[in-house]
Amino acid sequence: MKKSILKVVQHDLEQDAAPAVEVCGFHAWHEDAHILNDINLAFQEYKINCVLGPSGGGKSTLIRCINRINDEIEGFTFKGEIHFGGRNIYDKSVDVTRLRTEIGMVFQKPSVFPKSICENVLFGIQHLKKLSKAARLQMLEEKLKAVSLWREVSHRLNDTASSLSVGQQQRLCIARTLAVEPKVILLDEPTSSLDPVSARAIEDLMLELKQQYTIVFVTHNIQQAKRIADHAIFVCGGRIIEQGPARRFFTHPEQPQTKSYLNEEFCDC
Amino acid sequence: MNRELLNKCFMLATWGAVAISCFILLALVSVITWNGAAALNFSFLFTAARRFGMAGGILYQIIGSLLMIAGASLICLPLALGTAISKSEYLKSRRIRKLCTALIYGLNGIPSVIFGIFGLIFFVNTLNTGISWFVGSIILAIMILPTVVLATYQSVNSIPKIYRESALTLGLSKWQVIWRVVLPQGIAGSLTGLLLGLARAVGETAPIMFIATAFSGVDIPGTLFEPVVTLPTHILALAQQATAPQALQNAWGASLVLLSLVTLFSVTALFSRMKLRTISQR
């Protein structure tokens, strides 16, 4: 009896975490293809929100809508609302450039600029505010330490960023996103082009970063989602099949599609 | 005929084509070099022409040619960068992009003498500029614009989308993305295109002969609206007096200098193209 009450309380606690981003009745199309179909969900503050599902299911499109990077895509149309910081981000009055500094993003493939490691970290932030030399150095050290890259690169900050390994490059991409000081970080399968050791390093990093940031982590790797997720969202065929606290989601999935995906990595939707 | 024999015949035919093409180039270059070298010496390169080019050198012709293409570069480069960037970054409609490409190719297909006539009617007569090297630069700039735009567009377009998106997600505005990510790559490409364009422009006679050049009696222009003498029009003038052996000799000499200039631009373009790598390869 006691145990079950405890479980219910815990369950409720997880449910009641404050939402950082809320998606309401959202549809998206690319030309004639209906990519997202009536998406309703909440990403919770200071949690790792894992979006998982098979490739081509609309996971990337979903998170790319949250910082409006899809606006750049020709033929993209949408319907619905996404709320962040108390207002609809698709509202006409929203400054998209500013929005993107609050909702940062890391892509699947590391994309360091052909500049030095130092310039890569400061690439975004130096456009947003003037930094003194001391502040730049401090920022550099702080952000590189946050992604546990400082020890590996502190002696060669002026080397080109492409001289780093792919795993290091991806951590550098996270560091430059952190430098802008966002509230939410979207990561679109950030480990899928990395070796297992580097991937684990990124996972550990996520567990640390969630103390300060809301993390939205897209993956198609179920084991990875199990290791890091606090809140899980299963997207397939452009719809949300199921979402909930990770513990319940992975142990007692409610929907048959979720069960089959978790057990067989196959989903018929 | 059996297959093997047919293969051999076909191979021989293609080799023949290669040999003829190379032979023509080699023959032209060696005839010009052979005849031109005789005229070439220090005073030919660095003194002014006298007696309508029969005597003296081609100093002002070299300066005039270089001045015109320098002007053309300065006019053409910003236009080409702007066109290529707006085409790749701002034009979202596929149909308008296609139309834009068609127009650029169309501009490339216009015979050069038409540009000359246009310059004569529009600038020299209507705007009343008079014969002017600067008008010649404008016309040459328009003429090489397609080459430069296409080269710039190619290099800008080869930047993977992820670099633009990464910069956008770091809070850069569209203009900052263009300035920081697109333009550095675009400039490298447009310089290559510009060199190719200049290699063509420096040898053009038809578009500039009515609007920018005098045949003789001109030195370095002091203002934008004065005529110059150039290498191609000088060669034309000398060739028309082909009965005088000294004129012909100087025509060969000027041809060799012009050919060297064209080669210089083409070879530099070739090297800069080899060095040009996309952002993802750097």
# chains A, B, ... in the order shown; residues from 1 in each chain; ligands from 1
call {"tool": "select_by_dssp", "arguments": {"residues": "segment 33-256 of chain A", "states": "strand (DSSP E or B)", "output": "ChimeraX atom specification"}}
result
/A:33-44,48-52,76-84,87-88,103-106,116,160,184-188,214-219,231-236,239-245
call {"tool": "interface_residues", "arguments": {"of": "chain B", "to": "chain A", "cutoff": "10 Å", "atoms": "only C-alpha atoms", "output": "CSV table (one decimal) with all heavy atoms, in the first residue's frame"}}
result
chain,number,residue,atom,x,y,z
B,89,GLU,N,20.5,33.1,-51.5
B,89,GLU,CA,20.1,33.3,-50.1
B,89,GLU,C,18.6,33.8,-50.0
B,89,GLU,O,17.9,33.5,-49.1
B,89,GLU,CB,21.0,34.2,-49.3
B,89,GLU,CG,22.5,33.8,-49.4
B,89,GLU,CD,22.7,32.4,-48.8
B,89,GLU,OE1,22.3,32.1,-47.8
B,89,GLU,OE2,23.4,31.6,-49.5
B,90,TYR,N,18.3,34.6,-51.0
B,90,TYR,CA,17.0,35.3,-50.8
B,90,TYR,C,15.9,34.8,-51.7
B,90,TYR,O,14.7,34.8,-51.4
B,90,TYR,CB,17.1,36.8,-51.0
B,90,TYR,CG,17.9,37.5,-49.8
B,90,TYR,CD1,19.2,37.9,-50.0
B,90,TYR,CD2,17.3,37.7,-48.6
B,90,TYR,CE1,19.9,38.5,-48.9
B,90,TYR,CE2,17.9,38.2,-47.6
B,90,TYR,CZ,19.2,38.6,-47.7
B,90,TYR,OH,19.9,39.2,-46.7
B,91,LEU,N,16.3,34.4,-53.0
B,91,LEU,CA,15.2,34.0,-53.9
B,91,LEU,C,14.7,32.6,-53.5
B,91,LEU,O,15.4,31.6,-53.6
B,91,LEU,CB,15.8,33.9,-55.3
B,91,LEU,CG,15.9,35.2,-56.1
B,91,LEU,CD1,16.3,34.9,-57.5
B,91,LEU,CD2,14.5,35.9,-56.2
B,92,LYS,N,13.5,32.6,-53.0
B,92,LYS,CA,13.0,31.3,-52.5
B,92,LYS,C,12.2,30.5,-53.6
B,92,LYS,O,12.2,29.3,-53.6
B,92,LYS,CB,12.1,31.5,-51.3
B,92,LYS,CG,12.9,31.7,-50.0
B,92,LYS,CD,12.1,31.5,-48.8
B,92,LYS,CE,13.0,31.5,-47.5
B,92,LYS,NZ,12.2,31.5,-46.3
B,93,SER,N,11.6,31.3,-54.5
B,93,SER,CA,10.8,30.7,-55.5
B,93,SER,C,11.7,30.0,-56.6
B,93,SER,O,12.5,30.6,-57.1
B,93,SER,CB,9.9,31.7,-56.2
B,93,SER,OG,9.6,31.3,-57.5
B,94,ARG,N,11.4,28.7,-56.8
B,94,ARG,CA,12.2,28.0,-57.7
B,94,ARG,C,12.1,28.6,-59.1
B,94,ARG,O,13.0,28.6,-59.9
B,94,ARG,CB,11.8,26.5,-57.7
B,94,ARG,CG,12.9,25.6,-58.1
B,94,ARG,CD,12.6,24.2,-57.9
B,94,ARG,NE,12.5,23.9,-56.5
B,94,ARG,CZ,11.8,22.9,-55.9
B,94,ARG,NH1,11.1,22.1,-56.7
B,94,ARG,NH2,11.8,22.6,-54.7
B,160,PRO,N,27.4,23.8,-47.5
B,160,PRO,CA,26.3,22.9,-47.0
B,160,PRO,C,25.3,23.7,-46.2
B,160,PRO,O,25.8,24.7,-45.4
B,160,PRO,CB,27.0,21.9,-46.2
B,160,PRO,CG,28.4,21.8,-46.7
B,160,PRO,CD,28.7,23.2,-47.1
B,162,ILE,N,23.9,23.1,-43.5
B,162,ILE,CA,24.1,23.0,-42.1
B,162,ILE,C,24.9,24.2,-41.5
B,162,ILE,O,24.7,24.6,-40.4
B,162,ILE,CB,24.7,21.6,-41.7
B,162,ILE,CG1,24.6,21.4,-40.2
B,162,ILE,CG2,26.1,21.5,-42.2
B,162,ILE,CD1,25.0,20.0,-39.8
B,163,TYR,N,25.8,24.7,-42.3
B,163,TYR,CA,26.6,25.9,-41.8
B,163,TYR,C,25.8,27.1,-41.6
B,163,TYR,O,25.9,27.9,-40.7
B,163,TYR,CB,27.8,26.1,-42.7
B,163,TYR,CG,28.8,25.1,-42.6
B,163,TYR,CD1,28.8,24.0,-43.5
B,163,TYR,CD2,29.8,25.1,-41.6
B,163,TYR,CE1,29.8,23.0,-43.3
B,163,TYR,CE2,30.7,24.1,-41.4
B,163,TYR,CZ,30.7,23.0,-42.3
B,163,TYR,OH,31.6,22.0,-42.2
B,164,ARG,N,24.9,27.3,-42.6
B,164,ARG,CA,24.0,28.5,-42.5
B,164,ARG,C,23.0,28.2,-41.3
B,164,ARG,O,22.8,29.1,-40.5
B,164,ARG,CB,23.1,28.6,-43.7
B,164,ARG,CG,23.9,29.0,-45.0
B,164,ARG,CD,22.9,29.2,-46.1
B,164,ARG,NE,23.6,29.6,-47.3
B,164,ARG,CZ,24.1,28.7,-48.2
B,164,ARG,NH1,23.9,27.4,-48.0
B,164,ARG,NH2,24.8,29.1,-49.3
B,165,GLU,N,22.5,27.0,-41.1
B,165,GLU,CA,21.6,26.8,-40.0
B,165,GLU,C,22.3,26.8,-38.7
B,165,GLU,O,21.7,27.4,-37.7
B,165,GLU,CB,20.9,25.4,-40.2
B,165,GLU,CG,20.0,25.4,-41.4
B,165,GLU,CD,19.2,24.1,-41.5
B,165,GLU,OE1,19.7,23.0,-40.9
B,165,GLU,OE2,18.2,24.0,-42.2
B,166,SER,N,23.6,26.4,-38.6
B,166,SER,CA,24.3,26.4,-37.4
B,166,SER,C,24.5,27.9,-37.0
B,166,SER,O,24.3,28.3,-35.8
B,166,SER,CB,25.7,25.8,-37.5
B,166,SER,OG,25.6,24.5,-37.7
B,167,ALA,N,24.8,28.7,-37.9
B,167,ALA,CA,25.0,30.2,-37.6
B,167,ALA,C,23.7,30.8,-37.2
B,167,ALA,O,23.7,31.6,-36.2
B,167,ALA,CB,25.6,30.9,-38.8
B,168,LEU,N,22.6,30.4,-37.9
B,168,LEU,CA,21.3,31.0,-37.5
B,168,LEU,C,20.9,30.5,-36.1
B,168,LEU,O,20.4,31.4,-35.3
B,168,LEU,CB,20.2,30.5,-38.4
B,168,LEU,CG,20.2,31.1,-39.8
B,168,LEU,CD1,19.1,30.4,-40.7
B,168,LEU,CD2,19.8,32.6,-39.7
B,169,THR,N,21.2,29.3,-35.7
B,169,THR,CA,20.8,28.8,-34.4
B,169,THR,C,21.7,29.5,-33.3
B,169,THR,O,21.3,29.4,-32.1
B,169,THR,CB,20.9,27.3,-34.2
B,169,THR,OG1,22.2,26.9,-34.6
B,169,THR,CG2,19.9,26.6,-35.1
B,170,LEU,N,22.8,30.0,-33.7
B,170,LEU,CA,23.6,30.7,-32.7
B,170,LEU,C,23.2,32.2,-32.5
B,170,LEU,O,23.9,33.0,-31.9
B,170,LEU,CB,25.1,30.6,-33.1
B,170,LEU,CG,25.7,29.2,-33.0
B,170,LEU,CD1,27.1,29.2,-33.6
B,170,LEU,CD2,25.8,28.8,-31.5
B,171,GLY,N,22.1,32.5,-33.2
B,171,GLY,CA,21.5,33.8,-33.0
B,171,GLY,C,22.1,34.9,-33.9
B,171,GLY,O,21.9,36.1,-33.7
B,172,LEU,N,22.7,34.5,-35.0
B,172,LEU,CA,23.1,35.4,-36.0
B,172,LEU,C,21.9,35.8,-36.9
B,172,LEU,O,21.1,34.9,-37.2
B,172,LEU,CB,24.2,34.9,-36.9
B,172,LEU,CG,25.6,35.1,-36.4
B,172,LEU,CD1,25.9,34.2,-35.2
B,172,LEU,CD2,26.7,34.8,-37.5
B,173,SER,N,21.8,37.0,-37.3
B,173,SER,CA,20.7,37.4,-38.2
B,173,SER,C,21.1,37.0,-39.6
B,173,SER,O,22.3,36.6,-39.9
B,173,SER,CB,20.5,38.9,-38.2
B,173,SER,OG,21.7,39.5,-38.7
B,174,LYS,N,20.1,37.0,-40.5
B,174,LYS,CA,20.4,36.5,-41.9
B,174,LYS,C,21.6,37.3,-42.5
B,174,LYS,O,22.5,36.7,-43.1
B,174,LYS,CB,19.2,36.8,-42.7
B,174,LYS,CG,19.3,36.2,-44.1
B,174,LYS,CD,18.1,35.5,-44.5
B,174,LYS,CE,18.4,34.8,-45.8
B,174,LYS,NZ,17.4,33.8,-46.1
B,176,GLN,N,24.1,38.7,-40.9
B,176,GLN,CA,25.3,38.3,-40.3
B,176,GLN,C,25.8,36.9,-40.8
B,176,GLN,O,27.0,36.7,-41.0
B,176,GLN,CB,25.2,38.2,-38.8
B,176,GLN,CG,25.1,39.6,-38.2
B,176,GLN,CD,24.7,39.6,-36.7
B,176,GLN,OE1,23.9,38.7,-36.3
B,176,GLN,NE2,25.2,40.5,-35.9
B,180,ARG,N,29.3,36.5,-42.5
B,180,ARG,CA,30.3,35.7,-41.8
B,180,ARG,C,30.6,34.3,-42.5
B,180,ARG,O,31.6,33.8,-42.4
B,180,ARG,CB,30.0,35.5,-40.3
B,180,ARG,CG,30.0,36.7,-39.5
B,180,ARG,CD,31.4,37.3,-39.3
B,180,ARG,NE,32.3,36.3,-38.7
B,180,ARG,CZ,32.5,36.0,-37.4
B,180,ARG,NH1,31.8,36.7,-36.6
B,180,ARG,NH2,33.3,35.1,-37.0
B,181,VAL,N,29.5,33.8,-43.0
B,181,VAL,CA,29.6,32.4,-43.6
B,181,VAL,C,29.6,32.4,-45.1
B,181,VAL,O,30.5,31.7,-45.7
B,181,VAL,CB,28.5,31.5,-43.0
B,181,VAL,CG1,28.6,30.1,-43.5
B,181,VAL,CG2,28.5,31.5,-41.5
B,278,THR,N,35.6,23.9,-50.6
B,278,THR,CA,34.3,24.4,-49.9
B,278,THR,C,34.6,24.4,-48.4
B,278,THR,O,35.6,23.7,-47.9
B,278,THR,CB,33.2,23.4,-50.2
B,278,THR,OG1,33.6,22.1,-49.8
B,278,THR,CG2,32.8,23.4,-51.7
B,279,ILE,N,33.7,25.0,-47.7
B,279,ILE,CA,33.9,25.2,-46.3
B,279,ILE,C,34.0,23.9,-45.5
B,279,ILE,O,34.8,23.8,-44.6
B,279,ILE,CB,32.6,26.0,-45.8
B,279,ILE,CG1,32.8,26.6,-44.4
B,279,ILE,CG2,31.4,25.2,-45.9
B,279,ILE,CD1,31.7,27.6,-44.1
B,280,SER,N,33.3,22.9,-46.1
B,280,SER,CA,33.4,21.6,-45.3
B,280,SER,C,34.7,20.9,-45.5
B,280,SER,O,35.0,19.9,-44.8
B,280,SER,CB,32.2,20.7,-45.8
B,280,SER,OG,32.2,20.6,-47.2
B,281,GLN,N,35.4,21.3,-46.6
B,281,GLN,CA,36.7,20.6,-46.8
B,281,GLN,C,37.8,21.2,-46.1
B,281,GLN,O,38.9,20.7,-46.1
B,281,GLN,CB,37.0,20.5,-48.3
B,281,GLN,CG,36.0,19.7,-49.1
B,281,GLN,CD,36.2,19.9,-50.6
B,281,GLN,OE1,36.2,21.1,-51.1
B,281,GLN,NE2,36.3,18.9,-51.4
B,282,ARG,N,37.6,22.5,-45.6
B,282,ARG,CA,38.7,23.2,-45.0
B,282,ARG,C,39.0,22.7,-43.6
B,282,ARG,O,38.1,22.2,-42.9
B,282,ARG,CB,38.3,24.7,-44.9
B,282,ARG,CG,38.9,25.4,-46.1
B,282,ARG,CD,38.8,26.9,-46.0
B,282,ARG,NE,37.5,27.3,-46.6
B,282,ARG,CZ,37.0,28.5,-46.5
B,282,ARG,NH1,37.6,29.4,-45.7
B,282,ARG,NH2,35.9,28.8,-47.0
call {"tool": "closest_residue", "arguments": {"among": "A:Val218, A:Ala225, A:Ile117, A:Cys65", "to": "Ile35 of chain A", "atoms": "only C-alpha atoms"}}
result
A:Cys65
call {"tool": "residues_around", "arguments": {"residues": "segment 59-74 of chain B", "least_positions_apart": "6", "cutoff": "8 Å", "atoms": "only C-alpha atoms", "output": "PyMOL selection string"}}
result
chain B and resi 44-49+133-134+136-141+194+198+201-202+218-220+228-231+234
call {"tool": "select_by_dssp", "arguments": {"residues": "segment 106-240 of chain B", "states": "helix (DSSP H, G or I)", "output": "PyMOL selection string"}}
result
chain B and resi 106-109+112-126+133-157+161-169+174-201+206-209+231-240
call {"tool": "atom_distance", "arguments": {"atom1": "atom CA of Gln211 of chain A", "atom2": "atom CA of Tyr46 of chain A"}}
result
5.8 Å
call {"tool": "closest_residue", "arguments": {"among": "A:Glu119, A:Glu31, A:Glu264, A:Glu45", "to": "Asn158 of chain A", "atoms": "only C-alpha atoms"}}
result
A:Glu119
call {"tool": "residues_around", "arguments": {"residues": "segment 194-205 of chain A", "least_positions_apart": "5", "cutoff": "12 Å", "atoms": "only C-alpha atoms", "output": "count of residues only"}}
result
40
call {"tool": "residues_around", "arguments": {"residues": "Leu107 of chain B", "least_positions_apart": "6", "cutoff": "9 Å", "atoms": "only C-alpha atoms", "output": "PyMOL selection string"}}
result
chain B and resi 142-143+145-146
call {"tool": "atom_distance", "arguments": {"atom1": "atom CA of Ser266 of chain B", "atom2": "atom CA of Leu236 of chain B"}}
result
22.8 Å
call {"tool": "atom_distance", "arguments": {"atom1": "atom CA of Gly56 of chain A", "atom2": "atom CA of Gly237 of chain A"}}
result
7.6 Å
